[in-house]
Every structure is written in structure tokens, then in C-alpha cells.
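Working notes for the structure below.
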Number of protein chains: 6
Amino acid sequence: MIFLTRRERFSAAHRMFRTDWSDEENKNVFGKCSNPNWHGHNYVLWVTIKGEPSPEQGFVMNINILKQIILEKVIDKIDHKNINLEVEFMQGRLATTENLAVAIWNELEPSVKLAGAMLHCIKIEETENNSIEYYG
Amino acid sequence: MIFLTRRERFSAAHRMFRTDWSDEENKNVFGKCSNPNWHGHNYVLWVTIKGEPSPEQGFVMNINILKQIILEKVIDKIDHKNINLEVEFMQGRLATTENLAVAIWNELEPSVKLAGAMLHCIKIEETENNSIEYYG
Amino acid sequence: MIFLTRRERFSAAHRMFRTDWSDEENKNVFGKCSNPNWHGHNYVLWVTIKGEPSPEQGFVMNINILKQIILEKVIDKIDHKNINLEVEFMQGRLATTENLAVAIWNELEPSVKLAGAMLHCIKIEETENNSIEYYG
Amino acid sequence: MIFLTRRERFSAAHRMFRTDWSDEENKNVFGKCSNPNWHGHNYVLWVTIKGEPSPEQGFVMNINILKQIILEKVIDKIDHKNINLEVEFMQGRLATTENLAVAIWNELEPSVKLAGAMLHCIKIEETENNSIEYYG
Amino acid sequence: MIFLTRRERFSAAHRMFRTDWSDEENKNVFGKCSNPNWHGHNYVLWVTIKGEPSPEQGFVMNINILKQIILEKVIDKIDHKNINLEVEFMQGRLATTENLAVAIWNELEPSVKLAGAMLHCIKIEETENNSIEYYG
Amino acid sequence: MIFLTRRERFSAAHRMFRTDWSDEENKNVFGKCSNPNWHGHNYVLWVTIKGEPSPEQGFVMNINILKQIILEKVIDKIDHKNINLEVEFMQGRLATTENLAVAIWNELEPSVKLAGAMLHCIKIEETENNSIEYYG
């Protein structure tokens with residue numbers, strides 16, 4: 001079993017808040033991350049898949065195919081967007097990195113499977129000090 | 001002459017656009033960076049000052065003092081904020097990194113001078129591929 | 001299950017040596033790392049916890065709480081200190097990064113548990129080429 | 001159980017191609033990576049071993065011994081070399097990073113065992129966006 | 001005056017050698033870098049231009065235009081290529097990073113000028129420890 | 001004129017203090033950096049030289065020669081040492097990074113000149129947030 005990881009990046013705005021809470025309640029729980037005028041990040045995304053290398057090509061998966069899947073299913077939908085307002089796969093969820101990792105897993109999993117590999121891990125770095133991993 | 005550099009970081013939302021242009025005109029010039037719903041970055045800021053090391057302390061400037069100046073004059077005003085809507089020193093300016101570098105220079109220059117050193121350079125990295133430097 | 005990682009840093013002095021060995025014996029085993037006049041590092045620490053995101057807040061744990069635990073239990077006790085002489089939780093242990101990782105695990109584990117999450121991994125980078133991971 | 005990781009680097013030329021395919025077939029599958037005149041990378045290699053720290057020395061393995069094993073068994077044979085033409089342990093294999101990770105595992109495993117530890121993971125970064133892990 | 005820097009990357013094979021020297025003479029001067037079977041690197045390129053920000057757009061130059069110039073004039077010609085054999089702008093020159101920096105300056109300078117800015121610096125990192133800067 | 005930079009690293013202990021001040025006075029000025037039991041850092045050193053590339057070899061200076069000079073004149077004397085107690089070229093100076101940069105310049109300048117190049121810059125990073133540059 002071999003693990004292959006592709007790194008991609010996206011820049012997006014977001015805000016941590018519950019629509020059923022007042023701005024004050026949101027501020028108490030989420031602090032400056034609940035700023036009503038938004039803030040943003042350069043998110044770094046690592047997608048890890050696993051599988052046996054194909055004897056014919058020596059690859060778990062052609063990394064250009066993996067890259068295209070990530071661009072089409074994730075980056076094109078979230079880069080330079082507002083995560084709360086514009087990203088369909090995050091609608092109805094709190095815009096935490098935890099929820100983002102799960103949602104990106106769900107976006108990618110069927111396409112990776114179709115391409116003959118297994119999704120193993122979604123890792124997202126929100127800042128150089130904070131990151132999240134999700135293994136399905 | 002010695003050059004001393006302090007690195008700080010801030011996360012903010014912004015949008016590239018002119019209020020006197022239509023959304024379409026803005027999109028033609030600024031592309032996805034003019035998204036009306038904002039996007040954001042983890043900005044990295046390097047502030048370089050210059051001077052002679054004090055014979056008594058061996059410092060150009062105590063770096064904790066430089067850090068406090070940057071936090072008070074810049075980071076507290078811009079971190080987790082919307083650069084277009086909430087950052088006073090960027091009002092009336094296009095929210096480009098070029099203009100941000102000049103505005104941060106102007107914010108810091110008097111305090112650095114008061115502390116006995118000379119401001120030398122403001123460097124801002126917007127993404128790992130794009131950065132700006134300004135030398136006054 | 002989601003994994004959340006917080007990075008913190010500390011700078012400390014240390015020396016690899018056994019008090020029951022001569023300086024020469026220490027030098028034979030630990031080389032330049034046993035220098036009696038100490039040396040030091042910028043250690044990088046990654047603390048990973050795991051848990052289910054709370055449905056109410058979307059977090060495994062509020063990362064500011066995790067940060068406060070790490071600062072109070074580890075960083076305040078070790079940053080700008082001598083690991084062999086001044087760090088209580090390393091007394092009676094060889095000042096290797098292996099032992100440091102285990103000791104930091106023990107420092108953090110009860111507080112992370114109290115905060116409702118599970119400690120998953122302590123990773124310490126001593127230099128850009130050498131690092132240690134401990135999973136309890 | 002403690003995990004110890006050593007990072008090393010090597011620069012090498014390679015080409016993705018099957019000798020039983022035409023240049024055109026190779027180009028269709030491997031794209032620009034099959035360039036007949038070669039291309040190259042700065043590969044980064046992380047070798048992770050695991051074991052109990054020795055009570056006497058506090059180490060899983062003296063990292064200088066691990067470094068010497070990696071230099072002798074891998075770096076000296078591959079650094080500033082052509083992977084396809086000159087690296088004995090890659091003969092008869094497609095020069096993918098997947099195959100490289102498996103081959104390096106096989107090169108290192110007996111020596112790490114002899115030194116009293118267990119090989120845990122070979123991670124190779126081919127570019128800052130693409131990496132491979134192999135756990136045996 | 002504002003300085004704007006764009007980072008791009010390319011992976012290429014090369015060999016340090018003079019065609020009018022024997023392999024032995026080349027090895028004496030260039031060491032392992034003269035390996036007749038080539039080796040390669042992940043080169044990192046920083047292109048810095050300077051100018052006044054346009055009052056209308058707030059940019060020294062639209063960074064997407066700068067990116068397109070670098071891709072067309074440099075990256076498309078050198079990425080996944082053999083610098084000695086295939087890169088037209090390096091023909092007749094020793095494949096050192098010094099000569100590469102000068103050649104890339106010459107490739108970019110007319111297009112940057114046409115776009116209304118001034119080329120300021122070409123920086124190339126060959127490995128994480130070795131880099132070259134050229135200011136024209 | 002071409003600028004060539006070599007990066008090297010060293011790990012050392014130090015303490016900021018004046019022998020003619022009390023521990024309390026030292027603490028007031030230098031804070032936790034004056035800890036009598038020392039602390040330490042992984043220092044990163046960039047040495048930049050300048051010159052014309054030799055027409056014969058295409059180098060400003062063979063970087064292996066520059067590396068040897070830095071290892072012999074600086075790294076061997078300071079790595080895994082106590083800067084205050086054991087580094088001859090820092091005796092009688094406050095162990096600030098400013099003074100370290102000047103002292104390293106003085107150590108390297110004659111040898112770089114002898115090798116036919118000019119020393120241009122000494123840059124030292126003490127932590128990822130703090131660095132010093134000196135241009136002679």
C-alpha cells in the first residue's frame with residue numbers, strides 16, 4: 001500500500017457564527033473569528049490517497065488526474081470565494097476547518113473511487129499554527 | 001549600520017475594486033480578486049529597521065519594543081478584519097498589497113523614529129508566490 | 001473523528017549527559033551534544049488532539065483553549081530555560097527529544113481530557129532534520 | 001513506542017518511461033515527465049524508525065547512526081545521479097516516486113534492524129506539491 | 001517606488017561541464033555536478049520588478065500579466081527540460097545558476113519593459129542552501 | 001555583478017547580559033533572554049558574496065569553497081557551543097545577534113577576499129520571527 005499526497009492552496013473569506021445566535025453570543029464563543037465583516041485565510045489543502053502502484057505505470061494514481069479532481073471538485077468552488085455565502089458544499093454548516101475537512105472529503109471521495117484509488121486523508125492548514133486532519 | 005527584521009502575521013478579508021466602476025468593470029480588471037462577497041489571506045509582514053547597535057545593549061532596537069509597535073499600530077487594527085470596510089489607514093485606497101505596504105509604512109514610521117531607529121523596509125507576502133516591498 | 005493540531009515554539013538550552021558518567025564517557029556516546037557548557041535549539045512542538053466536532057460549535061476543541069493549555073503547561077515552563085537545570089517535568093530524565101516528548105505528553109494529557117478531548121500525538125522538531133513523535 | 005524521523009535530501013535526474021513503449025506512448029501516459037533528455041528534482045527524504053528509548057541513553061537510536069545508514073545506503077548512491085541509468089537499486093523499475101519509496105525501504109530495512117530499531121515509514125517529496133509515503 | 005515579486009518553480013536536468021575539457025578535467029573542477037549522466041533540481045525563481053503603483057489600479061503591474069510573461073518566456077522553455085541540451089537561451093553557456101540568472105534576466109527584460117515596469121532582480125534557488133541574485 | 005548566497009545552520013546556547021550589571025538589571029533590560037542558566041537557538045546563517053562570474057567556470061566562487069570557509073571559520077567554532085563562554089570571536093561582546101553578525105563578517109571577510117570575491121551580506125535568523133542583516 002502506497003500513500004500519495006497532493007498539495008493545493010486556496011484563499012477564501014469566512015466567518016465563524018451561528019445564525020441563530022446574536023452577534024454578541026457569537027463573539028463570546030468565536031471571538032474575533034466571528035467578525036460580521038468577515039476575515040480570510042490562505043488555506044493549504046493536502047489530499048492523500050492510497051492504493052497499490054499499477055504494475056504498468058508505477059503510479060497509485062496519475063497525480064495529474066488527482067490534481068484535476070481537486071481543482072474541479074474543490075478549488076474552483078472555493079478559491080477567492082466567501083465560504084459562508086458562496087460555497088455550496090458548506091451551506092448549512094458552521095464554517096470551521098473541521099467541517100470544511102469533512103465537506104471536502106465528501107466532495108472528493110466518489111471521484112477518487114471512480115479513478116480507482118481510495119481517499120485516505122484530508123488535511124487543511126488554516127494558519128501556520130492551526131491544522132485539521134480527517135480520515136473519513 | 002545594522003538591519004533588524006521582525007516578522008508578524010495577520011489574517012484579513014479584502015476585495016479589489018473601485019467604487020466608481022461597475023462590478024463588471026471591476027471583474028475585467030481585477031478578476032476573481034474583485035469578488036463582491038470578499039475573499040481573504042494570511043498576510044505575512046516583515047518590518048525592517050536600521051541603525052547602529054547601542055554600545056550599552058548591543059541592540060539596534062529592543063525587538064520587543066519593535067514588536068509592540070507593530071502589534072499596536074498595525075496588527076490590532078487589521079487582524080481578523082475586513083481591509084476595505086474596517087481598517088482606518090486603508091480608507092480611500094484600493095486594497096492592493098502595494099497600497100497596504102505604503103499605508104503600513106506611514107503607520108509605523110513615526111513610532112520607529114521616536115524609538116530611535118529608522119524604518120527601512122515593509123515587505124508583505126499575500127500568498128507564497130506574491131509579495132511586495134516598499135522602502136519609503 | 002477529527003484531528004486538530006496546534007503548533008507552538010520554544011527556545012531552550014540543554015545538554016545530553018548522564019551524571020553518573022564522566023565527561024569523556026558522555027562525549028563518546030553523545031558527541032558534541034554533551035558539551036558541558038550547553039547548547040540550545042528552537043524547538044517546534046505540534047500537539048494533536050482528537051474528538052468529534054461539537055454540533056453546537058463545529059469544533060473538536062476551541063483552539064484558543066488548547067493554546068492556553070499548551071502555554072500554561074509547557075511553554076511557560078520551558079521557553080528560554082535550561083531543560084536540564086530548570087524544567088521541573090524533565091528532572092531525573094536524560095534531556096533527549098524522546099524523553100521530552102513523553103514528558104510533554106504527561107504534562108498535557110490530564111488538561112486535554114478535562115477539556116473534553118483526547119490527546120493523540122506530541123511531535124517535536126529539534127532541528128529541521130531531526131524530529132520525534134509520541135502517541136502515548 | 002517512539003517514532004524518530006531523519007530528513008535528508010538528494011538531487012537527481014530521472015525520466016518516466018517504459019522501454020517497451022515508444023516515445024509517443026510514453027508521452028501520452030507520462031507527459032512532460034517522459035522527456036527523453038531527462039529532467040530532475042531536489043528530492044526530500046524522511047526516514048522514520050520506531051522503538052523504545054533505551055533507558056541508558058534515552059534514544060530510540062542514536063540519530064547519527066541513522067544518518068550514517070541513510071547516507072551510505074541511499075544518498076551516496078543516488079545524489080547527483082541519474083535514477084534510471086545509474087542507481088542500482090532502481091534498475092528494472094519505473095522511476096516513479098512510488099517505486100523509489102519501496103526501493104529505499106528495501107535498502108534501509110536490514111541496516112535499521114541490525115541497529116536495533118524498526119523501520120516505520122519512507123516519505124519522499126518530489127516537489128513541494130507531490131509526495132509519497134510507504135510503510136512497508 | 002514599489003517592488004513586486006513573483007515566485008515560480010521549474011524542475012530541470014543539467015550538468016556542469018565544458019565541452020573543451022575532458023570528463024576528468026570537468027570532474028576536478030565541478031565535482032559530482034559534472035556527472036555525464038546528468039542530475040537535476042527543483043529550481044525556485046523569484047522575479048522582482050519595480051515601478052510606481054498606477055493610481056487607477058493600485059498595482060505596479062497586474063501580477064497575472066507578470067506571471068504570464070514568466071511562464072511564456074521562461075517556465076515553458078525550461079520546465080522538465082535538460083538545460084544543457086534543450087534550453088535555447090542557455091546554449092553556448094555553462095549551465096551554472098549564475099549564467100541562468102543572467103539569461104533569464106535577458107529573456108524577461110524586454111517584455112517587462114513593454115508592460116510598463118522595470119525588471120529589478122532575478123533570484124534563483126538551486127537548493128535550499130544555494131542561491132543566486134542578479135540585478136542587471 | 002552576481003550575488004551568491006550560502007545557507008548554513010548552527011545550534012548554540014547564549015545569554016544576553018552585561019557582566020557589569022546585576023542579574024536584576026540584566027533582567028530589566030533583556031528579559032527572559034538574560035536567564036542565568038542560558039537558553040539557545042537554531043541559528044540560520046546566510047552568507048552572500050558578490051563578484052563577476054569567471055568566464056572559465058561560470059562561477060562567482062565555487063560554492064564548495066565558500067562552504068568550506070564558512071564551516072572552518074564559523075560553524076566549527078560556534079555549533080553546539082556556548083556563545084558567551086566558548087566562542088573566541090564573541091569574547092568581550094554582548095551576545096546579541098547584531099554583534100554576532102558583525103563578528104561573523106570579520107571572521108569571513110579576509111578568507112572570502114583571498115578566494116577572489118567580495119563579502120556582501122551576513123544575515124542571521126535567530127527565530128523564525130527575528131533576523132539581522134549586516135553589510136559591512
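Lettering and numbering for the C-alpha cells are positional, with chains as A, B, ... in the shown order, residues counted from 1 in each chain, and ligands counted from 1 in the shown order.
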Up to 12 Å from chain D, what residues of chain E turn up? Count only C-alpha atoms and give them as a PyMOL selection string.
chain E and resi 8-16+30-44+76-87+125-129
Which of chain A counts as alpha helix (DSSP H) under DSSP, as a PyMOL selection string please?
chain A and resi 23-30+63-70+76-78+83-86+97-114
